[in-house]
$ cat input37.txt   # compact mmCIF, C-alpha atoms
# COMPACT_ATOMS: atom_id res chain seq x y z
CA ALA A 520 9.47 -6.60 -28.88
CA GLN A 521 12.30 -9.02 -28.21
CA THR A 522 15.06 -8.09 -25.81
CA ILE A 523 18.33 -9.85 -25.10
CA HIS A 524 20.21 -9.39 -21.88
CA GLN A 525 23.68 -10.58 -20.99
CA TRP A 526 25.33 -10.72 -17.60
CA PRO A 527 27.70 -9.68 -16.26
CA VAL A 528 28.67 -6.66 -18.32
CA ALA A 529 32.33 -7.23 -17.51
CA GLU A 530 34.33 -9.66 -15.43
CA ILE A 531 37.91 -9.87 -14.22
CA LYS A 532 38.89 -13.38 -13.16
CA ALA A 533 42.00 -15.29 -12.15
CA VAL A 534 43.48 -18.12 -14.20
CA GLY A 535 42.10 -21.43 -12.95
CA SER A 536 38.92 -19.94 -11.49
CA PRO A 537 35.42 -20.93 -12.68
CA LEU A 538 33.26 -18.83 -14.96
CA SER A 539 29.59 -18.53 -15.73
CA LEU A 540 28.18 -16.07 -18.27
CA GLY A 541 24.47 -15.74 -18.87
CA CYS A 542 22.11 -14.70 -21.61
CA THR A 543 18.33 -14.26 -21.50
CA ILE A 544 15.94 -13.56 -24.38
CA LYS A 545 12.51 -12.12 -23.69
CA GLY A 546 9.61 -11.84 -26.10
CA LYS A 547 10.52 -14.75 -28.35
CA SER A 548 9.55 -18.36 -27.76
CA SER A 549 11.88 -21.21 -28.71
CA PRO A 550 14.58 -19.07 -30.31
CA ASN A 551 17.77 -20.46 -31.79
CA LEU A 552 20.56 -19.25 -29.50
CA TYR A 553 24.26 -18.72 -30.12
CA TRP A 554 27.45 -17.89 -28.24
CA TYR A 555 30.23 -15.98 -30.00
CA TRP A 556 33.68 -14.99 -28.79
CA GLN A 557 36.16 -12.37 -29.95
CA ALA A 558 39.71 -12.27 -28.66
CA THR A 559 41.27 -8.81 -28.50
CA GLY A 560 42.28 -7.99 -32.07
CA GLY A 561 40.70 -11.21 -33.31
CA THR A 562 37.65 -12.28 -35.28
CA LEU A 563 34.21 -13.08 -33.93
CA GLN A 564 33.87 -16.86 -33.78
CA GLN A 565 30.77 -18.87 -33.09
CA LEU A 566 31.31 -21.19 -30.12
CA PHE A 567 27.96 -22.90 -29.56
CA TYR A 568 24.42 -22.95 -30.84
CA SER A 569 21.18 -24.37 -29.51
CA ILE A 570 17.87 -24.90 -31.25
CA THR A 571 15.96 -26.24 -28.26
CA VAL A 572 16.08 -26.60 -24.49
CA GLY A 573 18.64 -29.10 -23.31
CA GLN A 574 20.43 -29.38 -26.65
CA VAL A 575 23.68 -27.56 -27.42
CA GLU A 576 26.03 -28.04 -30.34
CA SER A 577 29.71 -27.12 -30.07
CA VAL A 578 31.28 -25.34 -33.02
CA VAL A 579 34.74 -24.47 -31.68
CA GLN A 580 36.60 -26.26 -28.90
CA LEU A 581 37.92 -23.75 -26.38
CA ASN A 582 37.65 -25.68 -23.10
CA LEU A 583 34.27 -24.02 -22.55
CA SER A 584 30.83 -25.53 -22.23
CA ALA A 585 27.33 -24.24 -22.78
CA SER A 586 23.93 -25.21 -21.51
CA ARG A 587 20.34 -24.24 -22.19
CA PRO A 588 18.43 -24.91 -18.97
CA LYS A 589 15.35 -22.93 -20.03
CA ASP A 590 13.80 -21.91 -23.34
CA ASP A 591 14.93 -18.32 -22.86
CA GLN A 592 18.30 -18.87 -21.18
CA PHE A 593 21.76 -19.77 -22.48
CA ILE A 594 24.74 -20.24 -20.15
CA LEU A 595 28.44 -20.33 -21.00
CA SER A 596 30.78 -21.78 -18.40
CA THR A 597 34.04 -23.41 -17.52
CA GLU A 598 35.49 -24.82 -14.31
CA LYS A 599 39.01 -23.56 -15.04
CA LEU A 600 39.73 -20.35 -16.90
CA LEU A 601 42.76 -19.97 -19.14
CA LEU A 602 44.48 -16.74 -20.11
CA SER A 603 43.34 -17.40 -23.67
CA HIS A 604 39.69 -17.13 -22.61
CA SER A 605 40.02 -13.37 -22.33
CA GLY A 606 37.93 -11.44 -24.81
CA PHE A 607 34.42 -10.35 -25.65
CA TYR A 608 31.51 -12.80 -25.47
CA LEU A 609 28.33 -12.22 -27.41
CA CYS A 610 25.04 -14.04 -27.19
CA ALA A 611 22.63 -13.98 -30.12
CA TRP A 612 19.21 -15.27 -31.12
CA SER A 613 17.90 -15.75 -34.62
CA GLN A 614 14.76 -15.44 -36.64
CA GLY A 615 16.24 -15.35 -40.10
CA GLU A 616 18.95 -12.89 -39.15
CA GLN A 617 20.86 -13.08 -35.91
CA TYR A 618 20.32 -10.44 -33.23
CA PHE A 619 23.06 -9.83 -30.73
CA GLY A 620 23.19 -8.94 -27.06
CA PRO A 621 25.38 -6.19 -25.61
CA GLY A 622 28.20 -8.60 -24.74
CA THR A 623 30.38 -9.43 -21.75
CA ARG A 624 34.02 -8.39 -21.60
CA LEU A 625 36.12 -11.01 -19.80
CA THR A 626 39.67 -10.38 -18.60
CA VAL A 627 41.61 -13.34 -17.26
CA LEU A 628 44.71 -12.48 -15.23
CA GLY B 1448 35.60 -24.07 -44.10
CA ASP B 1449 33.99 -20.73 -44.82
CA SER B 1450 36.03 -17.55 -44.43
CA VAL B 1451 35.58 -13.79 -44.74
CA THR B 1452 38.42 -11.34 -45.31
CA GLN B 1453 38.37 -7.61 -44.59
CA THR B 1454 41.70 -6.23 -45.72
CA GLU B 1455 41.57 -2.96 -43.78
CA GLY B 1456 41.57 -3.08 -40.02
CA GLN B 1457 41.20 0.69 -39.76
CA VAL B 1458 39.98 3.36 -42.16
CA THR B 1459 39.94 7.12 -41.63
CA VAL B 1460 37.87 9.34 -43.90
CA SER B 1461 36.94 13.02 -43.78
CA GLU B 1462 33.30 13.93 -43.41
CA SER B 1463 31.34 14.14 -46.69
CA LYS B 1464 33.92 12.01 -48.52
CA SER B 1465 33.15 8.64 -50.09
CA LEU B 1466 33.90 5.31 -48.44
CA ILE B 1467 34.55 1.77 -49.49
CA ILE B 1468 35.27 -1.07 -47.07
CA ASN B 1469 36.43 -4.23 -48.78
CA CYS B 1470 35.07 -7.69 -48.08
CA THR B 1471 35.80 -10.94 -49.89
CA TYR B 1472 34.61 -14.37 -48.93
CA SER B 1473 35.14 -18.05 -49.50
CA ALA B 1474 32.25 -20.43 -48.95
CA THR B 1475 32.49 -24.20 -49.13
CA SER B 1476 28.77 -24.92 -48.92
CA ILE B 1477 26.71 -25.91 -51.93
CA GLY B 1478 24.97 -22.92 -53.49
CA TYR B 1479 25.54 -19.31 -52.57
CA PRO B 1480 25.81 -18.03 -49.01
CA ASN B 1481 23.82 -15.18 -47.50
CA LEU B 1482 25.94 -12.08 -46.97
CA PHE B 1483 25.68 -9.48 -44.21
CA TRP B 1484 27.18 -6.28 -42.91
CA TYR B 1485 26.98 -5.74 -39.16
CA VAL B 1486 27.95 -2.56 -37.32
CA ARG B 1487 28.93 -1.77 -33.75
CA TYR B 1488 28.62 1.89 -32.83
CA PRO B 1489 30.60 3.12 -29.79
CA GLY B 1490 28.93 1.95 -26.61
CA GLU B 1491 26.31 -0.10 -28.44
CA GLY B 1492 25.77 -3.74 -29.36
CA LEU B 1493 26.38 -5.42 -32.69
CA GLN B 1494 23.50 -4.77 -35.07
CA LEU B 1495 22.60 -5.76 -38.58
CA LEU B 1496 23.23 -3.01 -41.14
CA LEU B 1497 22.19 -4.81 -44.31
CA LYS B 1498 21.94 -8.23 -45.88
CA VAL B 1499 21.73 -9.73 -49.36
CA ILE B 1500 20.72 -13.32 -49.98
CA THR B 1501 20.65 -13.36 -53.78
CA ALA B 1502 23.77 -13.17 -55.91
CA GLY B 1503 23.82 -10.06 -58.06
CA GLN B 1504 21.50 -8.08 -55.80
CA LYS B 1505 22.28 -4.92 -53.86
CA GLY B 1506 21.40 -4.20 -50.27
CA SER B 1507 21.15 -0.74 -48.78
CA SER B 1508 20.57 0.89 -45.41
CA ARG B 1509 21.33 4.28 -43.82
CA GLY B 1510 23.01 5.44 -47.04
CA PHE B 1511 25.29 2.39 -47.21
CA GLU B 1512 25.19 -0.06 -50.12
CA ALA B 1513 26.74 -3.44 -50.82
CA THR B 1514 26.44 -5.60 -53.93
CA TYR B 1515 26.69 -9.39 -53.85
CA ASN B 1516 29.29 -10.18 -56.53
CA LYS B 1517 29.51 -13.95 -56.86
CA GLU B 1518 32.11 -13.85 -59.66
CA ALA B 1519 34.53 -11.81 -57.57
CA THR B 1520 33.25 -13.35 -54.30
CA SER B 1521 33.06 -9.84 -52.91
CA PHE B 1522 30.58 -7.81 -50.87
CA HIS B 1523 32.18 -4.38 -50.50
CA LEU B 1524 30.43 -1.75 -48.39
CA GLN B 1525 30.15 1.73 -49.90
CA LYS B 1526 28.79 5.11 -48.97
CA ALA B 1527 28.85 8.22 -51.14
CA SER B 1528 29.18 10.74 -48.32
CA VAL B 1529 30.07 9.70 -44.77
CA GLN B 1530 29.09 11.51 -41.60
CA GLU B 1531 30.83 11.68 -38.27
CA SER B 1532 28.03 9.52 -36.82
CA ASP B 1533 29.09 6.67 -39.13
CA SER B 1534 32.22 6.14 -37.02
CA ALA B 1535 31.96 2.52 -35.87
CA VAL B 1536 33.34 -0.96 -36.41
CA TYR B 1537 31.93 -2.73 -39.46
CA TYR B 1538 31.88 -6.51 -39.86
CA CYS B 1539 31.24 -8.47 -43.02
CA ALA B 1540 29.72 -11.91 -42.47
CA LEU B 1541 28.22 -14.87 -44.27
CA ASN B 1542 26.12 -17.81 -43.36
CA ASN B 1543 25.91 -21.07 -45.16
CA ASN B 1544 22.79 -22.85 -46.34
CA ALA B 1545 22.27 -24.44 -42.93
CA GLY B 1546 21.88 -20.96 -41.53
CA ALA B 1547 23.10 -21.77 -38.03
CA LYS B 1548 26.61 -20.43 -38.30
CA LEU B 1549 27.67 -16.89 -39.07
CA THR B 1550 31.28 -16.50 -40.20
CA PHE B 1551 32.67 -13.02 -39.61
CA GLY B 1552 35.50 -11.01 -41.08
CA GLY B 1553 37.98 -9.35 -38.76
CA GLY B 1554 36.14 -6.03 -38.73
CA THR B 1555 37.08 -2.57 -39.99
CA ARG B 1556 37.14 0.39 -37.63
CA LEU B 1557 35.90 3.49 -39.45
CA THR B 1558 36.81 6.91 -38.10
CA VAL B 1559 35.19 9.89 -39.76
CA ARG B 1560 37.04 13.17 -39.22
CA PRO B 1561 34.89 16.30 -38.89

$ encode --input "input37.txt" --output "structure tokens"
Amino acid sequence: AQTIHQWPVAEIKAVGSPLSLGCTIKGKSSPNLYWYWQATGGTLQQLFYSITVGQVESVVQLNLSASRPKDDQFILSTEKLLLSHSGFYLCAWSQGEQYFGPGTRLTVL
Amino acid sequence: GDSVTQTEGQVTVSESKSLIINCTYSATSIGYPNLFWYVRYPGEGLQLLLKVITAGQKGSSRGFEATYNKEATSFHLQKASVQESDSAVYYCALNNNAGAKLTFGGGTRLTVRP
């Protein structure tokens, strides 16, 4: 069975500090991977997707970047957080439908 | 671009009563999009509730139903008799023919009163 793990579960960070969020998928080789973001009270938006190692496509520009260093790993990062980055970040993989991880709640102060 | 609209941000229903959560969509891609309902139960991750990929068809799961109405561009979620355990946030979504991007509605928080 496939499992998807996200870390950390929650993070409180200062404006201007760096950020790294991670996502790992086990039990599925070469999955399509996705990052989504939901601001408090907002809609889930797809940020990035990747169909293979080393390749990431940006969907929405939010001063964030993503990388796929391994087949089963997807990283979301920025060198300088903004207040507007606060929200809920979801990683997903797809095989037909998309399957979501538990999410990371980010608070930027 | 594509968009999904859920008009109710919150819905409260008494147990055993019927439910309808509205969803309408606009898709710019050629052909008809695939339509989904996702659900997030308290303390759990987002999970697929049901999907329909053919216009005119009905999807069902856990007592919920939704019919793909291409004329009205709607995909309303219905249940004849809700239970307290149905309390959750429900998201309508679509993906275009490329399949890579899911577009979500704003979500509807359902509270079922005992």

$ closest_residue --input "input37.txt" --among "A:Ala611, A:Ala529, A:Val572, A:Leu583" --to "chain B" --atoms "all atoms listed in the file"
A:Ala611

$ closest_atom_pairs --input "input37.txt" --of "chain A" --to "chain B" --cutoff "7 Å" --atoms "only C-alpha atoms" --output "CSV"
residue,atom,partner,partner_atom,distance
A:Gly561,CA,B:Gly1553,CA,6.4
A:Thr562,CA,B:Gly1553,CA,4.6
A:Leu563,CA,B:Phe1551,CA,5.9
A:Gln564,CA,B:Thr1550,CA,6.9
A:Gln565,CA,B:Lys1548,CA,6.8
A:Tyr618,CA,B:Gln1494,CA,6.8
A:Phe619,CA,B:Leu1493,CA,5.9
A:Gly620,CA,B:Gly1492,CA,6.2
A:Pro621,CA,B:Gly1492,CA,4.5

$ write_last_selection --input "input37.txt" --atoms "C-alpha atoms" --output "mmCIF file, in the coordinates of the input"
data_model
loop_
_atom_site.group_PDB
_atom_site.id
_atom_site.type_symbol
_atom_site.label_atom_id
_atom_site.label_comp_id
_atom_site.auth_asym_id
_atom_site.auth_seq_id
_atom_site.Cartn_x
_atom_site.Cartn_y
_atom_site.Cartn_z
ATOM 1 C CA GLY A 561 40.700 -11.210 -33.310
ATOM 2 C CA THR A 562 37.650 -12.280 -35.280
ATOM 3 C CA LEU A 563 34.210 -13.080 -33.930
ATOM 4 C CA GLN A 564 33.870 -16.860 -33.780
ATOM 5 C CA GLN A 565 30.770 -18.870 -33.090
ATOM 6 C CA TYR A 618 20.320 -10.440 -33.230
ATOM 7 C CA PHE A 619 23.060 -9.830 -30.730
ATOM 8 C CA GLY A 620 23.190 -8.940 -27.060
ATOM 9 C CA PRO A 621 25.380 -6.190 -25.610
#

$ residues_around --input "input37.txt" --residues "A:Ser577" --least-positions-apart "6" --cutoff "8 Å" --atoms "all atoms listed in the file" --output "PyMOL selection string"
chain A and resi 566-568

$ residues_around --input "input37.txt" --residues "A:Leu595" --least-positions-apart "2" --cutoff "8 Å" --atoms "all atoms listed in the file" --output "list in words"
Leu538, Ser539, Leu540, Gly541, Trp554, Leu583, Ser584, Ala585, Ser586, Phe593 and Thr597 of chain A

$ residues_around --input "input37.txt" --residues "B:Arg1560" --least-positions-apart "3" --cutoff "8 Å" --atoms "all atoms listed in the file" --output "mmCIF file with C-alpha atoms, in the coordinates of the input"
data_model
loop_
_atom_site.group_PDB
_atom_site.id
_atom_site.type_symbol
_atom_site.label_atom_id
_atom_site.label_comp_id
_atom_site.auth_asym_id
_atom_site.auth_seq_id
_atom_site.Cartn_x
_atom_site.Cartn_y
_atom_site.Cartn_z
ATOM 1 C CA THR B 1459 39.940 7.120 -41.630
ATOM 2 C CA VAL B 1460 37.870 9.340 -43.900
ATOM 3 C CA SER B 1461 36.940 13.020 -43.780
ATOM 4 C CA GLU B 1462 33.300 13.930 -43.410
ATOM 5 C CA GLU B 1531 30.830 11.680 -38.270
#

$ atom_distance --input "input37.txt" --atom1 "atom CA of A:Ser596" --atom2 "atom CA of A:Val528"
15.3 Å

$ residues_around --input "input37.txt" --residues "B:Val1458" --least-positions-apart "2" --cutoff "8 Å" --atoms "all atoms listed in the file" --output "MDAnalysis selection string"
chainID B and resid 1455:1456 1460 1555:1558

$ write_last_selection --input "input37.txt" --atoms "C-alpha atoms" --output "PDB file, in the frame of the given file"
ATOM      1  CA  GLU B1455      41.570  -2.960 -43.780  1.00  0.00           C
ATOM      2  CA  GLY B1456      41.570  -3.080 -40.020  1.00  0.00           C
ATOM      3  CA  VAL B1460      37.870   9.340 -43.900  1.00  0.00           C
ATOM      4  CA  THR B1555      37.080  -2.570 -39.990  1.00  0.00           C
ATOM      5  CA  ARG B1556      37.140   0.390 -37.630  1.00  0.00           C
ATOM      6  CA  LEU B1557      35.900   3.490 -39.450  1.00  0.00           C
ATOM      7  CA  THR B1558      36.810   6.910 -38.100  1.00  0.00           C
TER       8      THR B1558
END

$ atom_distance --input "input37.txt" --atom1 "atom CA of A:His604" --atom2 "atom CA of A:Gln521"
29.1 Å

$ atom_distance --input "input37.txt" --atom1 "atom CA of A:Gln574" --atom2 "atom CA of A:Ala520"
25.4 Å

$ residues_near_point --input "input37.txt" --point "(11.7, -21.2, -28.6)" --cutoff "9 Å" --atoms "all atoms listed in the file" --output "short mmCIF file (atom, residue, chain, number, x, y, z; two decimals) with C-alpha atoms, in the frame of the given file"
data_model
loop_
_atom_site.label_atom_id
_atom_site.label_comp_id
_atom_site.auth_asym_id
_atom_site.auth_seq_id
_atom_site.Cartn_x
_atom_site.Cartn_y
_atom_site.Cartn_z
CA LYS A 547 10.52 -14.75 -28.35
CA SER A 548 9.55 -18.36 -27.76
CA SER A 549 11.88 -21.21 -28.71
CA PRO A 550 14.58 -19.07 -30.31
CA ASN A 551 17.77 -20.46 -31.79
CA ILE A 570 17.87 -24.90 -31.25
CA THR A 571 15.96 -26.24 -28.26
CA VAL A 572 16.08 -26.60 -24.49
CA ASP A 590 13.80 -21.91 -23.34
CA ASP A 591 14.93 -18.32 -22.86
#

$ residues_around --input "input37.txt" --residues "B:Tyr1488" --least-positions-apart "4" --cutoff "7 Å" --atoms "all atoms listed in the file" --output "list in words"
Ser1534, Ala1535 and Val1536 of chain B

$ write_last_selection --input "input37.txt" --atoms "C-alpha atoms" --output "PDB file, keeping the file's coordinate frame"
ATOM      1  CA  SER B1534      32.220   6.140 -37.020  1.00  0.00           C
ATOM      2  CA  ALA B1535      31.960   2.520 -35.870  1.00  0.00           C
ATOM      3  CA  VAL B1536      33.340  -0.960 -36.410  1.00  0.00           C
TER       4      VAL B1536
END

$ closest_residue --input "input37.txt" --among "A:Ser569, A:Val627, A:Arg587, A:Gln614" --to "A:Gly535" --atoms "all atoms listed in the file"
A:Val627
